[in-house]
Structures are given as C-alpha cells and as structure tokens.
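J.: Sharing a structure, written as structure tokens. Questions coming.
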Amino acid sequence: MNMQSFSNSASGAIVTRMAERIVENRAYLSEIDGKIGDGDHGVNMAKGFGMAAERLKDGNAGLGEAMNTLGDVLMSEIGGSMGPLYGMMFTEFSEVIEDKEQIDPATFSAMLHKGLAGIQEVGSAKVGDKTLLDTFVPALEAFDAANADGKSFGEALDAFSAAAEKGRDSTIDMVAKIGRASRLGERSRGVLDAGATSCAIILTTLAEGAKENLAEPA
Amino acid sequence: MQRFINNPDDVVDDSVRGFVKAHKDLVRLSEKNRRVVVSTAAPVKGKVGVITGGGSGHEPAFVGYTGRNMLDAVAIGELFSSPTAKSFHDAIKEADGGAGVICLYGNYAGDNMNVKMAVKLAAKDGIEVATVVANDDVCSAGPEERDRRRGVAGEIFMWKIGGAKAASGASLEEVRAVSQKAIDNCRSIGVGLGPCTLPAVGHPNFTIEPGTMEVGIGHHGEPGIRVEPLKTAAEVARDMCKIVLDDHNLAEGTEVAVLVSGLGATPLNELYILNDTMEEEITARGLTIHRTFIGNYFTSLEMVGATLTVVALDEELKSLLDADASCPAML
C-alpha cells in the first residue's frame, strides 16, 4: 500500500465543486431523465446540492463534515428516490472519514464500501438494473484493484474515474429493472440512466479534487 | 398552456398554504414541518394513527384525505416525487396517539425507501409503525407480479376503510389487516388522452399523439399496456371495465364500490358519460354497485384522462366505507 493521502480538513471544497457540477448539469440530467423517467432528476438534484452548497459557503467545513451536511440536506429536504440513496451514501462516507485527519487509499476504499452498504440498505437494486450502482460498483472495484496492484493513490483515482464513466455509459444498453423506468421494459434501452449519470459526476469530481490535494507524508 | 403559478419552485408550498387556509376546520400545517398536514382532530390518545404521503400534483390526493376518522397526517413531496423520510417521520410523530401508527402508501421506489427509513427513525422514538403498500394498478405489472404493481386511486378506499377502523378503537394489527384487505380488494386502470407538464421542467415529459390514447397509463404518465386510436366513450369504458374486472375475477353477486376519477383536465361531464356505460358493464357481470364516486379524486396535474377503481366489499368493508368521516376531498 502506498503512503499518499489527502487532507480531510482542507478538502471540504470538493463538495462545493460537486454541487456546482450538479447545478451546471441541471437541464442535462432532467433531459436524460425525461426520456425514461419523469424529467425531474436535474431539478431535484440541483435543488438539494444547491441548498447544501449554500450551507457550506463559509468554507470552514472539512470533507467529512461537508459530506455530512450534504447527506443531511438530501435526506431531509429532497425525498424522491435520490434523496435517500445519495443521502445515505454521503452520510456513510462521512462517518468513515470524519475523524481522520488524512485520507489514505485504505480509508478512501473503506469510505466507498460503507457508502455502498448504505445505498444497498435503503434501495434494492443490483448491478445491471440500470441505476447509479452501475457507475458506483465498477468504480469502487477499479479503485480496489488498482490498490491491490500497487498503483499510486493518484493512479487508483484515475482508474476509479475511468470506471465510473465507463459504468455510466454501460447503462445505455441496459433495460431498467427497478424504479419508474422499469415499467418501460425494452423501451428503456438505448438511453443513459439519469442516476448513473449524476453518480459519475459526483465520483469523478470527488476523484479530481482528491487528486489535486494529494501529498506525500511529511 | 397557461397556468396559475408564482414561481415553479414554489408550487408545492404555495399550494399547501392555500389548502390549509381553505380547510382550517379540518386540517392544520405541522409546526415541525411545512411538508406535513395534520388533522385538527389528531393525535387522538389511544387511537391508532393513520398516515400516508406522496408526491404533489395529485390533488386532492394526498392531503385532501386528511381529516376526522380519515388520515391523521400526510407527508407531502415535491411534484411527482416522494416525500422525504423526515416528512414521513414527522407525519408519524404528529399522528401518534400512543397506540401505534399505520402508514398506508403507494408502491413506488422512492416512497418505499423513504417510508422504510422513517419507520426506523420512529422505532428510535418508541413508536410502533405498521405499513400497507397499495398495488391496485392492474396494467403496471401482470397478475403473477402483483407486488410490483403501483398504487393508484384504490388508495382512497384503503385510507377511508383504514381510517374508519382506527376510529372504531381497533388495534394496530386490526387496522393493518383491514387496510390490507381493502387494497387487496381494489383494482384500478387509467386511460390517458393528453400529457402533463411539471412546471419546473416546462415541457410534457411524455407524449400522447392526437387521435390516440394510452390504455393503462400511470399516475405520472408511466406508459400503459397499449397505445391505440381514441375510441368512443362507451368503447373506452367497456375496455376499462374488462381489464379491471377480468383481473378482479369476482363472484356473481359480489357488492362493489366504484370510483371514477378524472386525471386533472377531463371535465366531470365526460366522467359521467364514462360511468353511464361502466355501470352497465359492471352490473352485467352480476355485481351489485353499493356506491359510486365520480369526481377529481386523484389527479395527475393537467393530464387528460380518467381512472376506474372497483373495490369488492364484504359486510365489514361496507360498514367501514359508509362510516362517518369528513375530509376536504370527500365533504
């Protein structure tokens, strides 16, 4: 295991950047959701992430605390399916890292696993059902595999982002098995899943921010 | 289309405020949560609390069924989007009279998740919560997959019957059992003639070509089982009855209640035209209609279309359906 890490307390801005990306993609996420869902994914996500960014604007929160704020806002203000799923994910992420000063690859991996467990506790989707898990699970697996291969933290984060994007794109050819789009059966094939797409935005922004803040141990 | 809106982002809060102002005698806004409406009679000490929750845009559902001997509290979501777990949890707390709370809600992914989390939160408060999930929409999944079917207007019968049972002083388990029986005895179908638009999205999120109709459409425009050329009201009414009653498979002589609801932009006049044929079709199967409800009971914004719900009644369900109650949607 390599020794690189990034600072928890200095990385709260990653969550603000995530919120910016989600808000920028408000119309796009709603548009892809509208093809097989009811077209409000971007609206609801932008509302929740925007609200969290507003609460974090003094910039004092570290990554763990910022994730906890975001998780709280999503669970208490957003509802729908994405409120509880992303709400649990960020709350669980935060639990793993909140009392860590430095986040190393082992902590980052533990955070991802805890977040996945949180998602699976509230939802019942599996990989291949055309949901955000099709982005999340391959990304997590790629990160763990890169670590096992002795790659640097930065390389593992690159592998994580690439797998997230590939996972997102894999949903195009899937038939939805869960949620509103599942009622469409075959008619749900041929378009991206909106949750998988927002999940890729979240994970790649997380990796990008973590990578920028990487430092060798002093 | 022209609409009465201030700001698309404020539609839910503006509407809830207007609702509460109109029906102060029956409902109030929760002091804990601006997305929870509570019966002025709640909580009743020693009575099982009865709650539901769902997305907005279906008015008078869900809020309109809050009232005396009906729902004690209702959690309110964004348009077509499940309420938060926090709102369900606050509704549970508002309804809690110390005898447990039942949550009677519809089978949608978001509602399932948020209710599950709310039940956990309530358990930490020491409130016992039972749930019944409505799945009366025949066209949303085959008969072998009833647990995947969505909940639609049959929920109204489930609320009325569950609310009356709770008001009679029954235990949580008794309220759960009769609410489950009520929804098990319901079958519904929707037919859509025109789509609806979420104000913040700004364009219809599905299309129904002029001259066609979507048979089996869901309450958010979920596609049905077939798209076909628009037929006469009598033909559509016969098709709706056939789909509902074939799935229901009731014995001759069964008593039923019938609910025909507009989806938002269909005039009552046309609902009566549909019912003219529906009444004949239902009685032709040897069923006896105990009561018929015609109106905008469970809508989908400005969707053009109608739903039919048939609930089979036994003596218990009949007396609970007829029991005294008052709520804004069924005055």
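By order of appearance in the structure tokens: chains A, B, ..., then residues from 1 within every chain, and ligands from 1 in the order shown.
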Once you count only C-alpha atoms, what closest atom pair and distance in Å to one decimal does each residue of chain A within 8 Å of chain B have, with rows by chain and rising residue number, as CSV?
T.:
residue,atom,partner,partner_atom,distance
A:Ser30,CA,B:Val201,CA,7.5
A:Gly34,CA,B:Asn205,CA,5.5
A:Lys35,CA,B:Asn205,CA,7.5
A:Gly37,CA,B:Asn205,CA,7.9
A:Asp38,CA,B:Asn205,CA,5.9
A:Gly39,CA,B:Asn205,CA,6.2
A:Asp40,CA,B:Val201,CA,6.7
A:Val43,CA,B:Ala200,CA,7.3
A:Met75,CA,B:Thr84,CA,6.3
A:Ser76,CA,B:Lys86,CA,5.3
A:Glu77,CA,B:Thr84,CA,6.3
A:Ile78,CA,B:Thr84,CA,6.1
A:Gly79,CA,B:Thr84,CA,3.7
A:Gly80,CA,B:Ser82,CA,4.1
A:Ser81,CA,B:Gly110,CA,4.0
A:Met82,CA,B:Gly110,CA,7.7
A:Gly83,CA,B:Thr84,CA,7.2
A:Pro84,CA,B:Asn114,CA,6.5
A:Val122,CA,B:Met113,CA,5.6
A:Gly123,CA,B:Met113,CA,6.4
A:Ile178,CA,B:Ala109,CA,7.7
A:Gly179,CA,B:Ala109,CA,5.3
A:Arg180,CA,B:Ala109,CA,7.3
A:Arg183,CA,B:Ser140,CA,6.8
A:Leu184,CA,B:Pro223,CA,6.7
J.: Could you pull the residues within 8 Å of stretch 131-140 of chain A, counting only C-alpha atoms, minus those fewer than 5 positions along the same chain, as a ChimeraX atom specification?
T.: /A:109,112-113,116,125-126,159-168,170-171,176,178,193-200,203
J.: If you run DSSP on this backbone, which residues of stretch 19-111 of chain B come out as alpha helix (DSSP H), and could you give them as a list in words?
T.: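 Alpha helix (DSSP H) assignments inside stretch 19-111 of chain B correspond to Phe19, Val20, Lys21, Ala22, Ala85, Lys86, Ser87, Phe88, His89, Asp90, Ala91, Ile92, Lys93, Glu94, Ala95, Ala109, Gly110 and Asp111 of chain B.
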J.: Enumerate, as a list in words, the complete set of residues in stretch 5-203 of chain A that a backbone-based DSSP assignment places in strand (DSSP E).
T.: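 Matching residues, listed in order: Ser5, Phe6, Ser7, Gln102 and Ile103 of chain A.
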J.: Choose the residue, out of B:Ile127, B:Ala164, B:Val152, B:Leu230, that has the smallest atom-to-atom separation from B:Gly67; count only C-alpha atoms.
T.: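 Between B:Ile127, B:Ala164, B:Val152, B:Leu230, the residue approaching B:Gly67 most closely is B:Ala164.
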J.: Point out the residue among A:Gly87, A:Gly12, A:Gly62, A:Gly154 with the least atom-to-atom distance to A:Gly48, counting only C-alpha atoms.
T.: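 That would be A:Gly87, the residue with the smallest distance to A:Gly48.
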J.: Quick check, in Å to one decimal: how far apart do atom CA of B:Glu280 and atom CA of B:Val236 lie?
T.: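 Interatomic distance here is 13.2 Å.
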J.: Which residues are near B:Val227? Cut-off 9 Å, only C-alpha atoms, ignore same chain within fewer than 4 positions. Put them as a PyMOL selection string.
T.: chain B and resi 208+212-215+223
J.: A:Glu208: which residues within 12 Å, counting only C-alpha atoms, same-chain residues fewer than 2 positions away excluded, as a list in words?
T.: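 Answer for this query is Phe6, Ser11, Ala13, Ile14, Val15, Arg17, Met18, Phe153, Gly154, Glu155, Ala156, Leu157, Asp158, Ala159, Phe160, Ser161, Ala162, Ala200, Ile201, Ile202, Leu203, Thr204, Thr205, Leu206, Ala210, Lys211, Glu212, Asn213 and Leu214 of chain A.
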J.: Measure the distance from atom CA of B:Asp137 to atom CA of B:Glu252 in Å and round it to one decimal.
T.: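 Interatomic distance here is 22.4 Å.
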J.: I'd like to know which of B:Ile161, B:Ala170, B:Ile156, B:Met278 is closest to B:Leu313, using only C-alpha atoms.
T.: B:Ile161
J.: Check the smallest atom-to-atom distance from each of A:Leu63, A:Ala215, A:Ile36, A:Ala181 to A:Asp129 using only C-alpha atoms, then report the winner.
T.: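 Comparing A:Leu63, A:Ala215, A:Ile36, A:Ala181 against A:Asp129, the winner is A:Ala181.
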